[in-house]
$ cat start_3.cif   # mmCIF, C-alpha atoms
data_query
#
loop_
_atom_site.label_atom_id
_atom_site.label_comp_id
_atom_site.auth_asym_id
_atom_site.auth_seq_id
_atom_site.Cartn_x
_atom_site.Cartn_y
_atom_site.Cartn_z
CA MET G 19 -9.46 -40.87 -103.56
CA ASN G 20 -9.48 -41.33 -99.83
CA PRO G 21 -9.52 -44.72 -98.24
CA ASP G 22 -12.80 -45.41 -96.48
CA TYR G 23 -12.21 -47.79 -93.63
CA ARG G 24 -15.01 -48.64 -91.27
CA SER G 25 -12.86 -48.98 -88.22
CA GLY G 26 -9.31 -49.30 -87.04
CA SER G 27 -6.31 -47.50 -88.41
CA ILE G 28 -4.00 -48.25 -91.22
CA HIS G 29 -0.31 -47.55 -91.12
CA PRO G 30 1.15 -45.91 -94.19
CA VAL G 31 1.63 -48.49 -96.86
CA ASN G 32 5.10 -47.16 -97.65
CA ASP G 33 6.13 -48.21 -94.17
CA PRO G 34 6.00 -51.99 -94.43
CA PRO G 35 6.65 -54.22 -91.46
CA ALA G 36 10.24 -55.05 -90.72
CA PRO G 37 11.44 -57.95 -92.84
CA THR G 38 11.69 -61.20 -91.01
CA GLU G 39 14.37 -63.77 -91.43
CA ALA G 40 13.41 -66.13 -94.20
CA GLY G 41 12.93 -69.69 -93.07
CA PRO G 42 11.14 -72.75 -94.27
CA PRO G 43 7.46 -72.13 -94.98
CA ARG G 44 5.26 -72.65 -91.93
CA PRO G 45 2.95 -75.61 -92.20
CA ARG G 46 -0.59 -74.47 -92.87
CA ARG G 47 -3.28 -75.17 -90.31
CA PRO G 48 -5.80 -77.75 -91.39
CA LEU G 49 -9.01 -75.87 -92.05
CA ARG G 50 -12.44 -76.90 -90.88
CA GLU G 51 -14.76 -78.28 -93.49
CA ASP G 52 -17.22 -75.37 -93.35
CA VAL G 53 -14.33 -72.96 -93.94
CA LEU G 54 -13.16 -74.95 -96.96
CA VAL G 55 -16.71 -75.03 -98.33
CA THR G 56 -17.10 -71.26 -97.93
CA ARG G 57 -13.80 -70.65 -99.63
CA ALA G 58 -14.57 -73.08 -102.45
CA ARG G 59 -17.91 -71.36 -102.90
CA ASP G 60 -16.02 -68.10 -103.36
CA GLY G 61 -14.12 -69.75 -106.21
CA ASP G 62 -11.03 -70.89 -104.29
CA ALA G 63 -9.89 -73.95 -106.26
CA ARG G 64 -7.26 -74.85 -103.65
CA ALA G 65 -9.91 -75.10 -100.95
CA PHE G 66 -11.97 -77.26 -103.29
CA GLU G 67 -8.94 -79.46 -103.89
CA GLN G 68 -8.71 -80.08 -100.15
CA LEU G 69 -12.38 -81.04 -100.08
CA VAL G 70 -11.80 -83.47 -102.94
CA ARG G 71 -8.81 -84.96 -101.09
CA ARG G 72 -10.94 -85.47 -97.99
CA HIS G 73 -13.92 -87.03 -99.72
CA GLN G 74 -12.68 -88.69 -102.89
CA ARG G 75 -12.26 -92.14 -101.34
CA ALA G 76 -15.72 -92.23 -99.77
CA MET G 77 -17.39 -90.85 -102.89
CA TYR G 78 -15.55 -93.24 -105.18
CA ALA G 79 -16.66 -96.09 -102.90
CA VAL G 80 -20.29 -94.96 -103.28
CA GLY G 81 -19.93 -94.98 -107.07
CA LEU G 82 -18.21 -98.35 -107.00
CA ARG G 83 -20.93 -99.95 -104.90
CA ILE G 84 -23.62 -98.77 -107.29
CA LEU G 85 -21.83 -99.31 -110.56
CA ALA G 86 -19.67 -102.32 -109.66
CA ASP G 87 -17.13 -101.13 -112.21
CA PRO G 88 -13.95 -99.25 -111.27
CA ASP G 89 -13.71 -97.27 -114.51
CA ASP G 90 -17.37 -96.26 -114.45
CA ALA G 91 -17.09 -95.40 -110.76
CA GLU G 92 -14.09 -93.17 -111.40
CA ASP G 93 -15.87 -91.48 -114.27
CA ALA G 94 -19.02 -90.87 -112.21
CA THR G 95 -17.02 -89.57 -109.23
CA GLN G 96 -15.04 -87.22 -111.43
CA LYS G 97 -18.18 -85.83 -113.05
CA ALA G 98 -19.88 -85.52 -109.67
CA PHE G 99 -17.06 -83.47 -108.15
CA PHE G 100 -16.99 -81.21 -111.15
CA ALA G 101 -20.76 -80.76 -110.96
CA ALA G 102 -20.31 -79.91 -107.27
CA TRP G 103 -17.70 -77.29 -108.13
CA ARG G 104 -20.15 -75.69 -110.55
CA ARG G 105 -23.07 -75.87 -108.12
CA LEU G 106 -21.19 -74.73 -105.01
CA PRO G 107 -22.39 -71.11 -105.30
CA GLN G 108 -25.92 -72.45 -104.72
CA PHE G 109 -24.87 -74.65 -101.78
CA ARG G 110 -25.92 -72.86 -98.62
CA GLY G 111 -24.80 -75.39 -96.05
CA GLN G 112 -28.32 -76.74 -95.52
CA ALA G 113 -26.70 -80.18 -95.32
CA GLN G 114 -23.22 -81.46 -94.60
CA PHE G 115 -20.95 -81.19 -97.61
CA SER G 116 -20.47 -84.97 -97.53
CA THR G 117 -24.24 -85.56 -97.62
CA TRP G 118 -24.64 -83.12 -100.47
CA MET G 119 -21.76 -84.77 -102.36
CA TYR G 120 -23.18 -88.20 -101.67
CA ARG G 121 -26.40 -87.28 -103.44
CA ILE G 122 -24.55 -85.84 -106.41
CA VAL G 123 -22.32 -88.90 -106.77
CA THR G 124 -25.30 -91.23 -106.43
CA ASN G 125 -27.21 -89.35 -109.10
CA HIS G 126 -24.27 -89.45 -111.46
CA ALA G 127 -23.78 -93.15 -110.82
CA LEU G 128 -27.45 -93.79 -111.51
CA ASN G 129 -27.27 -91.79 -114.74
CA GLN G 130 -24.24 -93.83 -115.71
CA LEU G 131 -26.21 -97.01 -115.01
CA ARG G 132 -29.05 -95.87 -117.23
CA ARG G 133 -26.64 -95.10 -120.04
CA ARG G 134 -25.01 -98.48 -119.58
CA GLN G 135 -28.38 -100.24 -119.65
CA ARG G 136 -29.17 -98.53 -122.92
CA ASN G 137 -25.87 -99.43 -124.51
CA ILE G 138 -24.83 -102.85 -123.35
CA ASP G 139 -25.96 -105.93 -121.55
CA SER G 140 -25.05 -104.72 -118.09
CA SER G 141 -25.45 -108.03 -116.29
CA ALA G 142 -22.72 -109.61 -118.41
CA ASP G 143 -20.56 -106.57 -117.85
CA ILE G 144 -20.68 -106.42 -114.07
CA SER G 145 -20.50 -110.14 -113.43
CA ASP G 146 -16.92 -110.00 -114.72
CA LEU G 147 -16.09 -107.61 -111.94
CA ALA G 148 -17.35 -109.44 -108.92
CA ALA G 149 -14.05 -111.12 -108.16
CA ASP G 150 -11.91 -108.14 -109.03
CA ARG G 151 -11.90 -106.49 -105.61
CA GLN G 152 -9.47 -105.71 -102.89
CA PRO G 153 -9.73 -108.07 -99.94
CA VAL G 154 -10.62 -106.75 -96.52
CA ALA G 155 -7.62 -105.65 -94.47
CA SER G 156 -6.57 -108.21 -91.89
CA THR G 157 -8.05 -107.73 -88.41
CA GLY G 158 -5.58 -110.07 -86.74
CA ASP G 159 -7.77 -113.17 -86.55
CA PRO G 160 -6.87 -115.22 -89.66
CA TYR G 161 -10.01 -117.34 -89.50
CA GLN G 162 -12.32 -114.37 -89.15
CA HIS G 163 -10.40 -112.48 -91.81
CA SER G 164 -10.73 -115.34 -94.23
CA GLU G 165 -14.42 -115.81 -93.47
CA THR G 166 -15.12 -112.09 -93.92
CA ASN G 167 -13.34 -112.06 -97.25
CA ALA G 168 -15.29 -115.09 -98.40
CA LEU G 169 -18.57 -113.50 -97.26
CA LEU G 170 -17.76 -110.28 -99.05
CA SER G 171 -16.75 -112.11 -102.17
CA ASP G 172 -20.02 -114.04 -102.22
CA LEU G 173 -22.03 -110.90 -101.53
CA ARG G 174 -20.34 -109.11 -104.41
CA ALA G 175 -21.04 -111.99 -106.72
CA ALA G 176 -24.66 -112.09 -105.56
CA LEU G 177 -24.99 -108.32 -105.97
CA ALA G 178 -23.52 -108.51 -109.44
CA GLY G 179 -26.26 -110.96 -110.34
CA LEU G 180 -29.03 -108.59 -109.30
CA PRO G 181 -30.71 -106.30 -111.80
CA ASP G 182 -29.29 -102.79 -111.50
CA GLU G 183 -32.49 -101.29 -110.13
CA LEU G 184 -32.63 -103.81 -107.29
CA ARG G 185 -28.93 -103.54 -106.50
CA VAL G 186 -29.06 -99.75 -106.31
CA CYS G 187 -31.98 -99.71 -103.87
CA TRP G 188 -30.40 -102.40 -101.70
CA VAL G 189 -27.03 -100.62 -101.58
CA LEU G 190 -28.62 -97.29 -100.69
CA ARG G 191 -30.68 -98.86 -97.91
CA GLU G 192 -28.34 -101.48 -96.47
CA VAL G 193 -24.87 -100.11 -97.07
CA ASP G 194 -25.44 -96.38 -97.08
CA ASN G 195 -28.24 -96.42 -94.47
CA CYS G 196 -30.65 -94.27 -96.45
CA SER G 197 -34.26 -94.13 -95.30
CA TYR G 198 -36.88 -95.64 -97.61
CA GLN G 199 -37.92 -92.13 -98.58
CA GLU G 200 -34.33 -91.18 -99.41
CA VAL G 201 -33.91 -94.32 -101.50
CA ALA G 202 -37.04 -93.39 -103.44
CA GLU G 203 -35.91 -89.80 -103.94
CA ILE G 204 -32.38 -90.67 -104.99
CA ALA G 205 -33.47 -93.45 -107.34
CA GLY G 206 -36.26 -91.28 -108.76
CA ILE G 207 -39.05 -93.76 -108.00
CA ASN G 208 -42.05 -93.72 -105.71
CA LEU G 209 -41.87 -94.98 -102.15
CA ASP G 210 -43.78 -98.22 -102.74
CA THR G 211 -41.58 -99.12 -105.68
CA ALA G 212 -38.46 -98.45 -103.61
CA ARG G 213 -39.71 -100.64 -100.78
CA GLY G 214 -40.67 -103.40 -103.19
CA ARG G 215 -37.23 -103.35 -104.78
CA ILE G 216 -35.48 -103.51 -101.43
CA TYR G 217 -37.64 -106.46 -100.45
CA ARG G 218 -37.00 -108.33 -103.71
CA ALA G 219 -33.27 -107.59 -103.52
CA ARG G 220 -33.11 -108.98 -99.98
CA HIS G 221 -35.02 -112.08 -101.03
CA ARG G 222 -32.78 -112.75 -104.03
CA LEU G 223 -29.60 -112.12 -102.08
CA ALA G 224 -30.77 -114.53 -99.39
CA GLU G 225 -31.35 -117.17 -102.06
CA ALA G 226 -27.97 -116.54 -103.66
CA MET G 227 -26.21 -116.75 -100.30
CA ALA G 228 -28.23 -119.64 -98.88
CA SER G 229 -25.09 -121.67 -98.24
CA TRP G 230 -24.09 -119.19 -95.50
CA ARG G 231 -27.21 -119.78 -93.41
CA MET L 24 -46.82 -99.23 -94.20
CA ALA L 25 -47.90 -102.31 -96.12
CA ILE L 26 -47.22 -102.91 -99.77
CA SER L 27 -49.51 -105.19 -101.62
CA ASP L 28 -47.02 -107.24 -103.65
CA THR L 29 -44.69 -107.91 -100.72
CA THR L 30 -47.05 -108.63 -97.87
CA LEU L 31 -46.27 -111.84 -96.00
CA PRO L 32 -48.90 -114.62 -95.80
CA CYS L 33 -49.52 -113.52 -92.20
CA GLY L 34 -50.41 -110.04 -93.44
CA ARG L 35 -47.32 -108.27 -92.12
CA ASP L 36 -44.98 -106.04 -94.10
CA PRO L 37 -41.58 -107.79 -94.37
CA LEU L 38 -39.65 -104.51 -94.39
CA GLU L 39 -41.22 -103.53 -91.10
CA ILE L 40 -40.47 -106.98 -89.70
CA VAL L 41 -36.80 -106.54 -90.56
CA ASP L 42 -36.68 -103.01 -89.16
CA HIS L 43 -38.31 -104.17 -85.93
CA ALA L 44 -35.96 -107.15 -85.61
CA ARG L 45 -32.89 -104.99 -86.10
CA ALA L 46 -34.14 -102.51 -83.54
CA GLY L 47 -34.89 -105.37 -81.14
CA ARG L 48 -38.55 -104.37 -80.83
CA GLY L 49 -40.46 -107.15 -82.62
CA ASP L 50 -43.87 -107.82 -81.08
CA GLU L 51 -45.06 -111.21 -79.90
CA HIS L 52 -46.48 -112.15 -83.29
CA GLU L 53 -43.25 -111.28 -85.07
CA GLN L 54 -41.22 -113.31 -82.62
CA ASN L 55 -43.33 -116.44 -83.08
CA CYS L 56 -44.65 -116.27 -86.64
CA PRO L 57 -42.59 -118.49 -89.02
CA HIS L 58 -43.17 -116.10 -91.95
CA CYS L 59 -41.89 -113.16 -89.96
CA GLN L 60 -38.92 -115.13 -88.67
CA ILE L 61 -37.94 -116.20 -92.17
CA ALA L 62 -38.23 -112.61 -93.40
CA ALA L 63 -35.99 -111.39 -90.59
CA ALA L 64 -33.46 -114.20 -91.07
CA GLU L 65 -33.31 -113.66 -94.83
CA ALA L 66 -32.22 -110.08 -94.34
CA SER L 67 -29.79 -110.62 -91.49
CA LEU L 68 -26.89 -112.28 -93.31
CA ALA L 69 -26.84 -109.80 -96.17
CA HIS L 70 -27.13 -107.03 -93.58
CA ARG L 71 -24.02 -108.29 -91.81
CA ALA L 72 -22.25 -108.52 -95.16
CA ALA L 73 -23.44 -104.99 -96.01
CA GLY L 74 -21.68 -103.74 -92.89
CA GLU L 75 -18.48 -105.41 -94.03
CA LEU L 76 -18.97 -103.94 -97.50
CA ALA L 77 -19.40 -100.44 -96.07
CA ASN L 78 -16.18 -100.83 -94.09
CA ALA L 79 -14.19 -102.61 -96.80
CA PRO L 80 -11.13 -100.58 -97.75
CA VAL L 81 -11.52 -98.89 -101.09
CA LYS L 82 -8.71 -96.85 -102.51
CA ALA L 83 -9.56 -94.02 -104.84
CA PRO L 84 -7.63 -94.27 -108.12
CA ALA L 85 -4.51 -92.10 -108.18
CA THR L 86 -5.78 -90.51 -111.39
CA LEU L 87 -9.03 -89.26 -109.84
CA LEU L 88 -7.87 -86.12 -108.02
CA PRO L 89 -5.65 -84.82 -110.86
CA ALA L 90 -8.44 -85.41 -113.36
CA ILE L 91 -10.95 -83.48 -111.24
CA MET L 92 -8.61 -80.60 -110.56
CA ARG L 93 -7.51 -80.35 -114.20
CA THR L 94 -11.11 -79.73 -115.12
CA VAL L 95 -11.65 -77.32 -112.24
CA TRP L 96 -8.57 -75.25 -113.04
CA ALA L 97 -9.56 -75.21 -116.70
CA GLU L 98 -12.90 -73.74 -115.80
CA LEU L 99 -12.22 -71.31 -112.99
CA ARG L 100 -15.12 -69.01 -112.49
CA SER L 101 -14.91 -65.89 -114.56
CA THR L 102 -14.51 -62.85 -112.35
CA ASP L 103 -13.94 -59.18 -112.74
CA THR L 104 -10.49 -57.83 -113.42
CA VAL L 105 -8.47 -54.92 -112.08
CA ALA L 106 -5.99 -53.01 -114.20
CA LEU L 107 -2.65 -52.97 -112.45
CA PRO L 108 -0.96 -49.57 -112.17
CA VAL L 109 2.02 -50.32 -114.37
CA PRO L 110 3.67 -48.06 -116.93
CA GLY L 111 1.98 -48.49 -120.28
CA GLY L 112 -0.99 -50.24 -118.70
CA GLY L 113 -2.48 -53.33 -120.27
CA VAL L 114 -1.92 -55.62 -117.28
CA LEU L 115 -5.01 -57.10 -115.68
CA VAL L 116 -5.45 -59.31 -112.64
CA THR L 117 -8.64 -61.11 -111.68
CA THR L 118 -10.33 -60.35 -108.38
CA LEU L 119 -10.13 -64.11 -107.81
CA ALA L 120 -6.33 -63.97 -107.93
CA ILE L 121 -6.29 -60.99 -105.58
CA ALA L 122 -8.51 -62.79 -103.07
CA ASP L 123 -6.32 -65.88 -103.38
CA ALA L 124 -3.17 -63.92 -102.54
CA LEU L 125 -4.89 -62.25 -99.59
CA ARG L 126 -6.12 -65.55 -98.16
CA HIS L 127 -2.63 -66.97 -98.50
CA ALA L 128 -1.15 -64.05 -96.57
CA LEU L 129 -3.87 -63.84 -93.94
CA ASP L 130 -3.68 -67.55 -93.20
CA ASP L 131 -0.37 -66.76 -91.51
CA LEU L 132 -2.19 -64.93 -88.72
CA PRO L 133 -2.50 -67.55 -86.00
CA GLU L 134 -5.54 -66.09 -84.24
CA LEU L 135 -7.58 -65.60 -87.38
CA THR L 136 -9.40 -68.02 -89.69
CA ILE L 137 -10.50 -66.49 -92.94
CA HIS L 138 -13.80 -67.90 -94.14
CA SER L 139 -14.60 -65.67 -97.07
CA CYS L 140 -12.34 -63.17 -98.76
CA LEU L 141 -13.75 -61.29 -101.72
CA ALA L 142 -12.10 -58.56 -103.72
CA ASP L 143 -14.27 -56.15 -105.66
CA ASN L 144 -13.06 -53.96 -108.43
CA GLY L 145 -15.74 -51.26 -108.00
CA ASP L 146 -15.80 -48.56 -110.64
CA GLN L 147 -12.61 -48.82 -112.61
CA PRO L 148 -11.20 -45.48 -113.82
CA SER L 149 -10.68 -45.04 -117.52
CA PRO L 150 -7.04 -44.81 -118.69
CA GLU L 151 -7.55 -41.10 -119.41
CA ASP L 152 -8.36 -40.41 -115.75
CA HIS L 153 -4.81 -41.33 -114.61
CA GLU L 154 -6.37 -42.48 -111.36
CA PRO L 155 -5.18 -45.58 -109.52
CA PRO L 156 -7.64 -48.47 -109.83
CA GLU L 157 -10.06 -49.02 -107.00
CA VAL L 158 -10.33 -52.28 -105.17
CA SER L 159 -12.25 -53.06 -102.03
CA VAL L 160 -11.95 -56.17 -99.90
CA HIS L 161 -14.60 -57.91 -97.81
CA ILE L 162 -13.44 -60.49 -95.31
CA THR L 163 -15.48 -62.73 -93.04
CA ALA L 164 -13.48 -64.47 -90.38
CA THR L 165 -13.48 -66.13 -87.02
CA ALA L 166 -11.05 -65.26 -84.27
CA THR L 167 -9.56 -67.60 -81.75
CA TYR L 168 -10.85 -66.83 -78.25
CA PRO L 169 -9.68 -64.73 -76.38
CA ALA L 170 -8.25 -62.63 -79.19
CA GLN L 171 -8.56 -58.86 -78.89
CA LEU L 172 -10.71 -58.16 -81.90
CA PRO L 173 -9.77 -54.50 -82.43
CA VAL L 174 -6.08 -55.39 -82.44
CA LEU L 175 -6.65 -58.41 -84.65
CA ALA L 176 -8.78 -56.38 -87.05
CA GLY L 177 -5.99 -53.81 -87.30
CA THR L 178 -3.39 -56.47 -87.99
CA CYS L 179 -5.63 -58.09 -90.58
CA ARG L 180 -6.25 -54.77 -92.32
CA GLN L 181 -2.58 -53.90 -92.30
CA LEU L 182 -1.59 -57.23 -93.79
CA THR L 183 -4.29 -56.86 -96.43
CA VAL L 184 -3.00 -53.43 -97.39
CA ASP L 185 0.62 -54.59 -97.42
CA THR L 186 -0.18 -57.61 -99.55
CA LEU L 187 -2.18 -55.62 -102.07
CA GLN L 188 0.61 -53.06 -102.27
CA THR L 189 3.45 -55.54 -102.47
CA GLN L 190 1.87 -58.11 -104.74
CA PHE L 191 -0.17 -55.91 -107.04
CA GLY L 192 0.81 -52.29 -106.47
CA LEU L 193 -2.78 -51.60 -105.42
CA HIS L 194 -4.17 -49.65 -102.52
CA PRO L 195 -7.57 -50.69 -101.24
CA HIS L 196 -10.47 -48.30 -101.34
CA ARG L 197 -11.87 -50.07 -98.26
CA VAL L 198 -11.30 -53.21 -96.23
CA ASP L 199 -14.33 -54.56 -94.40
CA ILE L 200 -13.90 -57.28 -91.82
CA ASP L 201 -16.82 -59.17 -90.31
CA PHE L 202 -16.04 -61.40 -87.37
CA ILE L 203 -18.78 -63.98 -87.62
CA ASP L 204 -17.82 -66.09 -84.60
CA LEU L 205 -15.17 -66.89 -82.05
CA ASP L 206 -13.36 -70.20 -82.18
CA LEU L 207 -13.44 -71.50 -78.64
CA PRO L 208 -10.72 -73.84 -77.42
CA GLU L 209 -11.56 -77.54 -77.56
CA ASP L 210 -12.86 -79.01 -74.33
CA PRO L 211 -10.05 -81.35 -73.18
CA SER L 212 -12.60 -83.78 -71.73
#
$ encode --input "start_3.cif" --output "structure tokens"
Amino acid sequence: MNPDYRSGSIHPVNDPPAPTEAGPPRPRRPLREDVLVTRARDGDARAFEQLVRRHQRAMYAVGLRILADPDDAEDATQKAFFAAWRRLPQFRGQAQFSTWMYRIVTNHALNQLRRRQRNIDSSADISDLAADRQPVASTGDPYQHSETNALLSDLRAALAGLPDELRVCWVLREVDNCSYQEVAEIAGINLDTARGRIYRARHRLAEAMASWR
Amino acid sequence: MAISDTTLPCGRDPLEIVDHARAGRGDEHEQNCPHCQIAAAEASLAHRAAGELANAPVKAPATLLPAIMRTVWAELRSTDTVALPVPGGGVLVTTLAIADALRHALDDLPELTIHSCLADNGDQPSPEDHEPPEVSVHITATATYPAQLPVLAGTCRQLTVDTLQTQFGLHPHRVDIDFIDLDLPEDPS
């Protein structure tokens, strides 16, 4: 069996390169995202691990905003990344990996919401969580910092009081900057319904936060 | 686009009012109509808070990454195997493991970035043939400008051959390298 190389020459394999002095392992270059995605698509779990490291915080935050429950958000994020690993061979780079992941996490969070709505009284469940959040990191101005934390705390409480379907549409539009069409597609509803929900969510949040105006 | 159940008394769509106000392009009616002004004001505070919410620090749980990777490692894609040429036989290695070892070795080449590295087991000889197993390797890569591609290709091939030989006792049937792009230096400006 003769080697069939398209170009270049190969030195005899029984003539390996001279050994080099062993030293500490060289630090690996950080790889570009498209390279990691290609490698992960080939089945390279280490490349996928780097992608998870890069995006886990942002994706968990997406899940948390929709589900308003840390355990549910972790569960949805975990399932979403695993679904991404399975679907990567079909991912052709038509979108950024982060955009593609965002949609998967959102869909898993929405599925989780639907399951929760079937099983328990979700409004009672999430209202317990409104106050259980990390405060915003200090920006240096104590007054502004305190006001921002208070605003966020009130928003979270107001969001927790919204029905899930309104909260999801509002979060997608206002926090994640989705277009109305994207909100409709991600939430699995028609465009008019999505717009109506965003409008009602805004109206109810304004009422709940009237003391700030 | 107007929606019937959310149209303001003045006939305008409140979502459009808000979008216009945020873009700073409300028309004269929107700037003077009390209904439009209320609609825009209602959305502005929550919008400011939404910005804070988007930027609020969220820390992923420490258990998240290990949990994901446990599941991923437990369900690595099934790939073909190659029988290693060892006395007595019976030792198999997946093409995934071969590609993994090659990537690891080739990542040491400073002028080369491996994008895809696939090992293929081709037609495996039966044990009665006493032939060494065939494996071919297909690499797609980018080179750092101004690398000399023929030299780099030769180095890449040589390292591939050496790694296959050293790590697995295999000799490649063929090594194909596709340079798909050149990595240009970053513009300092």
$ resolve_selection --input "start_3.cif" --expression "the PyMOL selection byres ((chain L and resi 88) around 9)" --output "list in words"
Glu67, Val70, Arg71, Gln74 and Gln96 of chain G; Ala83, Pro84, Ala85, Thr86, Leu87, Pro89, Ala90, Ile91, Met92 and Arg93 of chain L
$ resolve_selection --input "start_3.cif" --expression "the PyMOL selection byres ((chain L and resi 102) around 7)" --output "ChimeraX atom specification"
/L:100-101,103-104,117-119
$ resolve_selection --input "start_3.cif" --expression "the PyMOL selection byres ((chain G and resi 189-198) around 8)" --output "PDB file with C-alpha atoms, keeping the file's coordinate frame"
ATOM      1  CA  ARG G  83     -20.930 -99.950-104.900  1.00  0.00           C
ATOM      2  CA  ILE G  84     -23.620 -98.770-107.290  1.00  0.00           C
ATOM      3  CA  ARG G 185     -28.930-103.540-106.500  1.00  0.00           C
ATOM      4  CA  VAL G 186     -29.060 -99.750-106.310  1.00  0.00           C
ATOM      5  CA  CYS G 187     -31.980 -99.710-103.870  1.00  0.00           C
ATOM      6  CA  TRP G 188     -30.400-102.400-101.700  1.00  0.00           C
ATOM      7  CA  GLN G 199     -37.920 -92.130 -98.580  1.00  0.00           C
ATOM      8  CA  GLU G 200     -34.330 -91.180 -99.410  1.00  0.00           C
ATOM      9  CA  VAL G 201     -33.910 -94.320-101.500  1.00  0.00           C
ATOM     10  CA  ALA G 202     -37.040 -93.390-103.440  1.00  0.00           C
ATOM     11  CA  LEU G 209     -41.870 -94.980-102.150  1.00  0.00           C
ATOM     12  CA  ALA G 212     -38.460 -98.450-103.610  1.00  0.00           C
ATOM     13  CA  ARG G 213     -39.710-100.640-100.780  1.00  0.00           C
ATOM     14  CA  ILE G 216     -35.480-103.510-101.430  1.00  0.00           C
TER      15      ILE G 216
ATOM     16  CA  HIS L  70     -27.130-107.030 -93.580  1.00  0.00           C
ATOM     17  CA  ALA L  73     -23.440-104.990 -96.010  1.00  0.00           C
ATOM     18  CA  GLY L  74     -21.680-103.740 -92.890  1.00  0.00           C
ATOM     19  CA  LEU L  76     -18.970-103.940 -97.500  1.00  0.00           C
ATOM     20  CA  ALA L  77     -19.400-100.440 -96.070  1.00  0.00           C
TER      21      ALA L  77
END
$ closest_residue --input "start_3.cif" --among "L:Thr178, L:Thr186, L:Thr163, L:Ser139" --to "chain G" --atoms "all atoms listed in the file"
L:Ser139
$ atom_distance --input "start_3.cif" --atom1 "atom CA of Thr136 of chain L" --atom2 "atom CA of Pro48 of chain G"
10.5 Å
$ closest_residue --input "start_3.cif" --among "G:Leu169, G:Leu177, G:Leu131, G:Ala86" --to "chain L" --atoms "all atoms listed in the file"
G:Leu169
$ interface_residues --input "start_3.cif" --of "chain L" --to "chain G" --cutoff "8 Å" --atoms "only C-alpha atoms" --output "ChimeraX atom specification"
/L:26,28-29,37-38,65-66,68-70,72-77,79-84,87-88,90-92,94-96,99-100,119,123,130-131,137-141,173,176-177,180-181,184-185,188,195-199
$ atom_distance --input "start_3.cif" --atom1 "atom CA of Ser229 of chain G" --atom2 "atom CA of Asp50 of chain L"
29.0 Å
$ atom_distance --input "start_3.cif" --atom1 "atom CA of Ala106 of chain L" --atom2 "atom CA of Pro107 of chain G"
26.0 Å
$ closest_residue --input "start_3.cif" --among "L:Asp206, L:Arg48, L:Thr183, L:Ser67" --to "Ala128 of chain L" --atoms "only C-alpha atoms"
L:Thr183
